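Text of data-v7.txt, listed as compact mmCIF, C-alpha atoms (C1' of nucleotides):
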# COMPACT_ATOMS: atom_id res chain seq x y z
CA MET A 1 143.57 -5.05 144.51
CA ARG A 2 139.97 -4.13 145.19
CA ILE A 3 137.91 -1.51 143.44
CA GLY A 4 138.78 1.26 145.88
CA GLU A 5 142.49 1.02 145.24
CA LEU A 6 142.09 0.62 141.50
CA SER A 7 139.91 3.69 141.56
CA LYS A 8 142.54 5.66 143.45
CA ARG A 9 145.37 4.46 141.22
CA THR A 10 143.58 5.26 137.99
CA GLY A 11 141.64 8.32 139.06
CA THR A 12 138.52 6.56 137.85
CA PRO A 13 135.34 6.55 139.94
CA SER A 14 134.46 3.04 141.13
CA ARG A 15 131.06 3.65 139.57
CA LEU A 16 132.76 3.73 136.19
CA LEU A 17 134.96 0.74 136.88
CA ARG A 18 131.77 -1.26 137.47
CA TYR A 19 130.27 0.22 134.35
CA TYR A 20 133.28 -0.82 132.27
CA GLU A 21 132.85 -4.32 133.60
CA GLU A 22 129.20 -4.26 132.64
CA GLN A 23 130.26 -3.24 129.14
CA GLY A 24 132.67 -6.15 128.97
CA LEU A 25 135.81 -4.00 129.15
CA LEU A 26 136.98 -5.44 132.46
CA ALA A 27 136.57 -8.89 134.00
CA PRO A 28 137.74 -8.86 137.63
CA GLN A 29 137.79 -11.94 139.82
CA ARG A 30 135.56 -12.15 142.87
CA CYS A 31 136.66 -12.63 146.46
CA ALA A 32 134.74 -14.92 148.81
CA ASN A 33 132.90 -11.88 150.17
CA GLY A 34 131.78 -10.91 146.68
CA TYR A 35 134.23 -8.03 146.34
CA ARG A 36 135.80 -7.54 142.94
CA PHE A 37 139.51 -8.36 142.76
CA TYR A 38 141.67 -6.84 140.05
CA PRO A 39 145.17 -7.95 139.05
CA ALA A 40 147.80 -5.17 139.06
CA THR A 41 147.82 -5.18 135.25
CA THR A 42 144.32 -3.74 135.34
CA VAL A 43 145.73 -0.31 136.15
CA ASP A 44 147.22 -0.09 132.67
CA ARG A 45 144.13 -1.67 131.23
CA VAL A 46 141.98 1.11 132.67
CA ARG A 47 144.39 3.74 131.36
CA GLN A 48 144.00 2.18 127.94
CA ILE A 49 140.24 2.31 128.23
CA ARG A 50 140.19 5.93 129.38
CA GLY A 51 142.51 6.88 126.57
CA LEU A 52 140.32 5.29 123.94
CA LEU A 53 137.20 6.76 125.53
CA ASP A 54 138.75 10.23 125.57
CA ALA A 55 139.66 9.70 121.92
CA GLY A 56 135.95 9.40 121.36
CA LEU A 57 135.67 5.67 120.75
CA PRO A 58 132.48 3.96 121.95
CA THR A 59 132.84 1.17 124.53
CA ARG A 60 131.49 -1.21 121.93
CA ILE A 61 134.55 -0.67 119.74
CA ILE A 62 136.94 -0.54 122.67
CA LYS A 63 135.78 -3.97 123.71
CA GLN A 64 136.95 -5.30 120.36
CA ILE A 65 140.23 -3.46 120.42
CA LEU A 66 141.03 -4.66 123.92
CA ARG A 67 140.93 -8.24 122.74
CA CYS A 68 143.98 -7.40 120.61
CA LEU A 69 145.83 -5.74 123.47
CA ARG A 70 146.17 -8.47 126.05
CA GLU A 71 147.29 -8.07 129.66
CA PRO A 72 150.99 -7.10 129.42
CA MET A 73 150.16 -4.43 126.83
CA ASP A 74 151.40 -5.55 123.47
CA ILE A 75 149.64 -6.17 120.19
CA TYR A 76 148.35 -9.54 119.08
CA PHE A 77 148.26 -9.59 115.31
CA ALA A 78 146.56 -12.96 115.45
CA ASP A 79 143.34 -11.20 116.47
CA ALA A 80 143.63 -8.62 113.71
CA THR A 81 140.76 -10.04 111.72
CA PRO A 82 139.50 -8.32 108.55
CA GLU A 83 136.53 -7.08 110.58
CA MET A 84 138.82 -5.58 113.21
CA ILE A 85 140.84 -3.86 110.50
CA ALA A 86 137.65 -2.49 109.01
CA THR A 87 136.33 -1.12 112.31
CA LEU A 88 139.68 0.44 113.11
CA GLU A 89 139.78 2.15 109.73
CA ARG A 90 136.28 3.43 110.32
CA GLU A 91 137.25 4.81 113.73
CA ARG A 92 140.39 6.37 112.33
CA ASP A 93 138.30 8.24 109.78
CA ARG A 94 135.87 9.41 112.45
CA MET A 95 138.77 10.70 114.49
CA THR A 96 140.08 12.56 111.47
CA ASP A 97 136.70 14.21 111.07
CA ARG A 98 136.61 15.24 114.71
CA VAL A 99 140.12 16.63 114.51
CA GLU A 100 139.06 18.84 111.64
CA PHE A 101 135.91 19.84 113.45
CA LEU A 102 137.83 20.78 116.58
CA THR A 103 140.42 22.65 114.56
CA ARG A 104 137.73 24.81 112.96
CA ASN A 105 136.15 25.66 116.29
CA ARG A 106 139.46 26.28 117.99
CA ASP A 107 140.36 28.71 115.25
CA ALA A 108 136.97 30.40 115.55
CA ILE A 109 137.49 30.86 119.28
CA ALA A 110 141.05 32.06 118.75
CA ALA A 111 139.78 34.64 116.28
CA TYR A 112 137.13 35.77 118.75
CA LEU A 113 139.75 36.15 121.47
CA GLU A 114 141.96 38.16 119.16
CA ALA A 115 139.11 40.49 118.20
CA VAL A 116 138.19 40.99 121.85
CA ARG A 117 141.74 41.83 122.83
CA ARG A 118 141.98 44.32 119.97
CA TYR A 119 139.09 46.62 120.92
CA ARG A 120 139.28 46.05 124.68
CA PRO A 121 142.79 46.30 126.12
CA THR A 122 143.26 44.44 129.42
CA ASN A 123 144.32 46.14 132.65
CA ALA A 124 147.43 45.52 134.76
CA GLU A 125 146.07 42.29 136.23
CA GLY A 126 145.52 40.94 132.74
CA HIS A 127 141.74 40.95 133.14
CA PRO A 128 139.05 43.21 131.75
CA ALA A 129 137.93 45.91 134.19
CA ALA A 130 134.88 44.97 136.30
CA ASP A 131 132.59 47.39 134.44
CA GLU A 132 133.64 45.94 131.09
CA GLN A 133 132.43 42.39 131.70
CA ARG A 134 129.79 42.54 128.97
CA THR A 135 130.49 39.83 126.42
CA VAL A 136 129.91 39.21 122.74
CA PRO A 137 128.78 35.69 121.86
CA PRO A 138 131.45 33.68 120.00
CA ARG A 139 130.77 32.89 116.37
CA ASP A 140 130.80 29.31 115.10
CA ALA A 141 130.29 27.27 118.25
CA SER A 142 128.46 24.36 116.68
CA ASP A 143 129.22 21.21 118.58
CA SER A 144 128.10 17.58 118.44
CA PRO A 145 130.68 15.00 117.33
C1' DA B 1 135.20 1.06 156.80
C1' DT B 2 134.37 -0.81 152.10
C1' DT B 3 131.95 -2.80 148.59
C1' DC B 4 127.73 -4.75 146.40
C1' DT B 5 123.40 -4.30 143.70
C1' DT B 6 119.69 -1.81 141.88
C1' DA B 7 117.45 2.19 140.54
C1' DC B 8 116.80 6.92 139.11
C1' DA B 9 118.02 11.80 137.56
C1' DT C 1 128.04 9.68 135.03
C1' DG C 2 126.58 10.88 139.76
C1' DT C 3 124.10 9.79 143.69
C1' DA C 4 120.95 7.14 146.92
C1' DA C 5 119.25 3.28 149.59
C1' DG C 6 119.76 -0.99 152.03
C1' DA C 7 122.41 -5.23 152.76
C1' DA C 8 126.73 -7.82 153.59

Here is a file; write its structure as structure tokens.
Amino acid sequence: MRIGELSKRTGTPSRLLRYYEEQGLLAPQRCANGYRFYPATTVDRVRQIRGLLDAGLPTRIIKQILRCLREPMDIYFADATPEMIATLERERDRMTDRVEFLTRNRDAIAAYLEAVRRYRPTNAEGHPAADEQRTVPPRDASDSP
DNA sequence: ATTCTTACA
DNA sequence: TGTAAGAA
């Protein structure tokens, strides 16, 4: 399939599909007219990439991981070099840190919401009255993982 | 009509 | 990441 269809089937902008290729995450074939041609298995490949990206992994690391998850979508222990193990452990720890960070902020926001609901009851529609839209800035909102 | 590359915000 | 321009 060409980039347009892959884009539609993965919900990923073609701009990004080209970017992933540039980063070495994808390696489509080329048609005579120069158009990129992706095998059907690329759909899952892109889902894998998006998943890892959403998990906060940098494309640099994903490139390494993808070499262990060939086409069909199973794991190749043969490529599990000591270096790979080390990078994966490092990423796992970073993820753990982010989980804790997000948990703290989620709880801070939840507490804020609770406080707001306590001193300002909502109306029938479940929203604050128009003349009560003034807000109080949330507490701990530090962000930058 | 679709995709390509390159460049810039 | 998004968008733009010009070519194929």

Report the distance between atom CA of Lys63 of chain A and atom CA of Leu17 of chain A in Å, rounded to one decimal place. 14.0 Å

Find the residues of chain A in contact range of chain B, meaning any atom within 9 Å when counting all atoms listed in the file, and list them as a PyMOL selection string. chain A and resi 2-4+34-36

Produce a table with one row for each residue of chain A that has an atom at most 9 Å from any atom of chain C, each row naming the nearest atom pair and its distance in Å at one decimal; use all atoms listed in the file; arrange rows by chain and rising residue number; format as CSV.
residue,atom,partner,partner_atom,distance
A:Arg15,CA,C:DT1,C1',8.1
A:Leu16,CA,C:DT1,C1',7.7
A:Asn33,CA,C:DA8,C1',8.1

May I ask for the distance between atom CA of Arg118 of chain A and atom CA of Asn105 of chain A, given in Å to one decimal place? 19.9 Å

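The space between atom CA of Gly56 of chain A and atom CA of Lys8 of chain A spans 23.4 Å.
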
Would you list the contacts of Leu52 of chain A as a ChimeraX atom specification, taking every protein, DNA or RNA residue within 12 Å and counting only C-alpha atoms (C1' of nucleotides), but skipping same-chain residues closer than 3 positions in sequence? /A:25,45-49,55-66,88,91-92,95
